[in-house]
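K.L.:
This is the structure I want to talk about, given as structure tokens.
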Amino acid sequence: MTRLALFSAAMDVCDPELGGHASRVGAHARAIATRLGWDATRLEHLELGSALHDVGKLNVPPDVLAKPGRLDEAELAAIRTHPVEGLWLIAGVPSLAPALPYVLFHHERWDG
């Protein structure tokens, strides 16, 4: 099993409510990037980043991820760490390096 497949399987166990989320994100992102004229290499990096963008949720407490209803401030703070946590999880894997900006910045807003 590849590292990507291991991360994907772990994410499915960690947050089963998101079934298909990464695939949907990838499909939308690819459609937009294709319209923008991205080359094949850049599209491959985007697909990898789409698959891994929420990998940091592996380090968010399961009770926070599975909580029904609104999250309190501490729980929101835990969720908001998942991009940086994702960076730390995959940073040491050279084959996943192209995904790093997608993992780290997928919640950034255009206005900063």
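In the structure tokens, chains take letters A, B, ... by order of appearance, with residues numbered from 1 within each chain and ligands from 1 in the order shown.
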May I have a table of the residues of region 14-46 of chain A lying at most 12 Å from region 95-104 of chain A, giving each one's closest pair of atoms and their distance in Å to one decimal, counting only C-alpha atoms, ordered by chain and ascending residue number, as JSON lines?

P.N.:
{"residue": "A:Ala22", "atom": "CA", "partner": "A:Val103", "partner_atom": "CA", "distance": 11.6}
{"residue": "A:Val25", "atom": "CA", "partner": "A:Tyr102", "partner_atom": "CA", "distance": 11.4}
{"residue": "A:Gly26", "atom": "CA", "partner": "A:Tyr102", "partner_atom": "CA", "distance": 11.1}
{"residue": "A:Ala29", "atom": "CA", "partner": "A:Tyr102", "partner_atom": "CA", "distance": 11.0}
{"residue": "A:Thr41", "atom": "CA", "partner": "A:Pro98", "partner_atom": "CA", "distance": 9.9}
{"residue": "A:Arg42", "atom": "CA", "partner": "A:Pro98", "partner_atom": "CA", "distance": 8.9}
{"residue": "A:Leu43", "atom": "CA", "partner": "A:Pro98", "partner_atom": "CA", "distance": 10.6}
{"residue": "A:Glu44", "atom": "CA", "partner": "A:Pro98", "partner_atom": "CA", "distance": 8.8}
{"residue": "A:His45", "atom": "CA", "partner": "A:Pro98", "partner_atom": "CA", "distance": 5.4}
{"residue": "A:Leu46", "atom": "CA", "partner": "A:Ala99", "partner_atom": "CA", "distance": 7.1}

K.L.:
Store the residues picked out above in a file with N, CA, C and O atoms, as a short mmCIF file (atom, residue, chain, number, x, y, z; two decimals), in the first residue's frame.

P.N.:
data_model
loop_
_atom_site.label_atom_id
_atom_site.label_comp_id
_atom_site.auth_asym_id
_atom_site.auth_seq_id
_atom_site.Cartn_x
_atom_site.Cartn_y
_atom_site.Cartn_z
N ALA A 22 -12.66 14.55 -0.47
CA ALA A 22 -11.41 14.83 -1.18
C ALA A 22 -11.60 14.64 -2.68
O ALA A 22 -11.06 15.42 -3.48
N VAL A 25 -13.50 17.71 -3.95
CA VAL A 25 -12.60 18.85 -3.98
C VAL A 25 -11.67 18.73 -5.19
O VAL A 25 -11.47 19.69 -5.94
N GLY A 26 -11.12 17.54 -5.40
CA GLY A 26 -10.22 17.32 -6.52
C GLY A 26 -10.88 17.55 -7.86
O GLY A 26 -10.29 18.15 -8.76
N ALA A 29 -11.47 21.33 -8.28
CA ALA A 29 -10.19 22.02 -8.47
C ALA A 29 -9.61 21.72 -9.84
O ALA A 29 -9.09 22.62 -10.53
N THR A 41 1.87 18.50 -15.23
CA THR A 41 2.60 18.36 -13.96
C THR A 41 1.89 19.11 -12.85
O THR A 41 1.70 18.59 -11.74
N ARG A 42 1.48 20.32 -13.14
CA ARG A 42 0.79 21.12 -12.14
C ARG A 42 -0.54 20.49 -11.75
O ARG A 42 -0.94 20.51 -10.58
N LEU A 43 -1.24 19.89 -12.73
CA LEU A 43 -2.49 19.20 -12.44
C LEU A 43 -2.26 17.98 -11.55
O LEU A 43 -3.06 17.70 -10.65
N GLU A 44 -1.16 17.25 -11.78
CA GLU A 44 -0.83 16.10 -10.92
C GLU A 44 -0.60 16.55 -9.48
O GLU A 44 -1.06 15.90 -8.54
N HIS A 45 0.11 17.65 -9.31
CA HIS A 45 0.37 18.19 -7.97
C HIS A 45 -0.94 18.60 -7.31
O HIS A 45 -1.14 18.37 -6.11
N LEU A 46 -1.82 19.20 -8.07
CA LEU A 46 -3.13 19.61 -7.56
C LEU A 46 -3.93 18.40 -7.11
O LEU A 46 -4.56 18.44 -6.04
#

K.L.:
Please report the interatomic distance between CA of Leu52 (chain A) and CA of Ser8 (chain A) in Å with one decimal.

P.N.:
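Spanning CA of Leu52 (chain A) to CA of Ser8 (chain A) is a straight-line distance of 7.4 Å.
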
K.L.:
So which one's closest to Lys57 (chain A), A:Arg80, A:Ala27, A:Gly20, A:Val93? Using only C-alpha atoms, please.

P.N.:
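So, comparing all the options, the nearest one is A:Arg80.
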
K.L.:
Check region 44-93 of chain A with DSSP on the backbone and list each residue it calls alpha helix (DSSP H), as a PDB file with C-alpha atoms, in the first residue's frame.

P.N.:
ATOM      1  CA  GLU A  44      -0.833  16.102 -10.923  1.00  0.00           C
ATOM      2  CA  HIS A  45       0.367  18.185  -7.972  1.00  0.00           C
ATOM      3  CA  LEU A  46      -3.125  19.613  -7.564  1.00  0.00           C
ATOM      4  CA  GLU A  47      -4.651  16.134  -7.510  1.00  0.00           C
ATOM      5  CA  LEU A  48      -2.177  15.001  -4.864  1.00  0.00           C
ATOM      6  CA  GLY A  49      -2.883  18.127  -2.825  1.00  0.00           C
ATOM      7  CA  SER A  50      -6.626  17.602  -3.171  1.00  0.00           C
ATOM      8  CA  ALA A  51      -6.332  14.047  -1.901  1.00  0.00           C
ATOM      9  CA  LEU A  52      -4.278  15.135   1.116  1.00  0.00           C
ATOM     10  CA  PRO A  62     -11.995  12.327  17.171  1.00  0.00           C
ATOM     11  CA  ASP A  63     -14.604  13.657  19.607  1.00  0.00           C
ATOM     12  CA  VAL A  64     -14.169  17.115  18.051  1.00  0.00           C
ATOM     13  CA  LEU A  65     -14.497  15.791  14.495  1.00  0.00           C
ATOM     14  CA  GLU A  73     -13.929  28.021  20.855  1.00  0.00           C
ATOM     15  CA  ALA A  74     -11.441  25.370  22.032  1.00  0.00           C
ATOM     16  CA  GLU A  75     -12.846  22.846  19.555  1.00  0.00           C
ATOM     17  CA  LEU A  76     -12.717  25.387  16.730  1.00  0.00           C
ATOM     18  CA  ALA A  77      -9.104  26.112  17.643  1.00  0.00           C
ATOM     19  CA  ALA A  78      -8.335  22.380  17.402  1.00  0.00           C
ATOM     20  CA  ILE A  79      -9.961  22.141  13.963  1.00  0.00           C
ATOM     21  CA  ARG A  80      -8.103  25.228  12.760  1.00  0.00           C
ATOM     22  CA  HIS A  82      -5.325  20.830  10.816  1.00  0.00           C
ATOM     23  CA  PRO A  83      -3.507  22.576   7.922  1.00  0.00           C
ATOM     24  CA  VAL A  84      -0.300  22.949   9.965  1.00  0.00           C
ATOM     25  CA  GLU A  85      -0.716  19.464  11.426  1.00  0.00           C
ATOM     26  CA  GLY A  86      -1.038  18.145   7.872  1.00  0.00           C
ATOM     27  CA  LEU A  87       2.154  19.912   6.889  1.00  0.00           C
ATOM     28  CA  TRP A  88       4.017  18.179   9.729  1.00  0.00           C
ATOM     29  CA  LEU A  89       2.548  14.793   8.827  1.00  0.00           C
ATOM     30  CA  ILE A  90       3.712  14.790   5.210  1.00  0.00           C
TER      31      ILE A  90
END

K.L.:
Record the distance separating CA of Val60 (chain A) and CA of Arg109 (chain A), expressed in Å with one decimal.

P.N.:
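Going from CA of Val60 (chain A) over to CA of Arg109 (chain A), I get 21.8 Å.
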
K.L.:
Kindly give the distance, in Å, that separates CA of Cys14 (chain A) and CA of Lys67 (chain A), rounded to a single decimal.

P.N.:
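We find that CA of Cys14 (chain A) and CA of Lys67 (chain A) lie 12.7 Å from each other.
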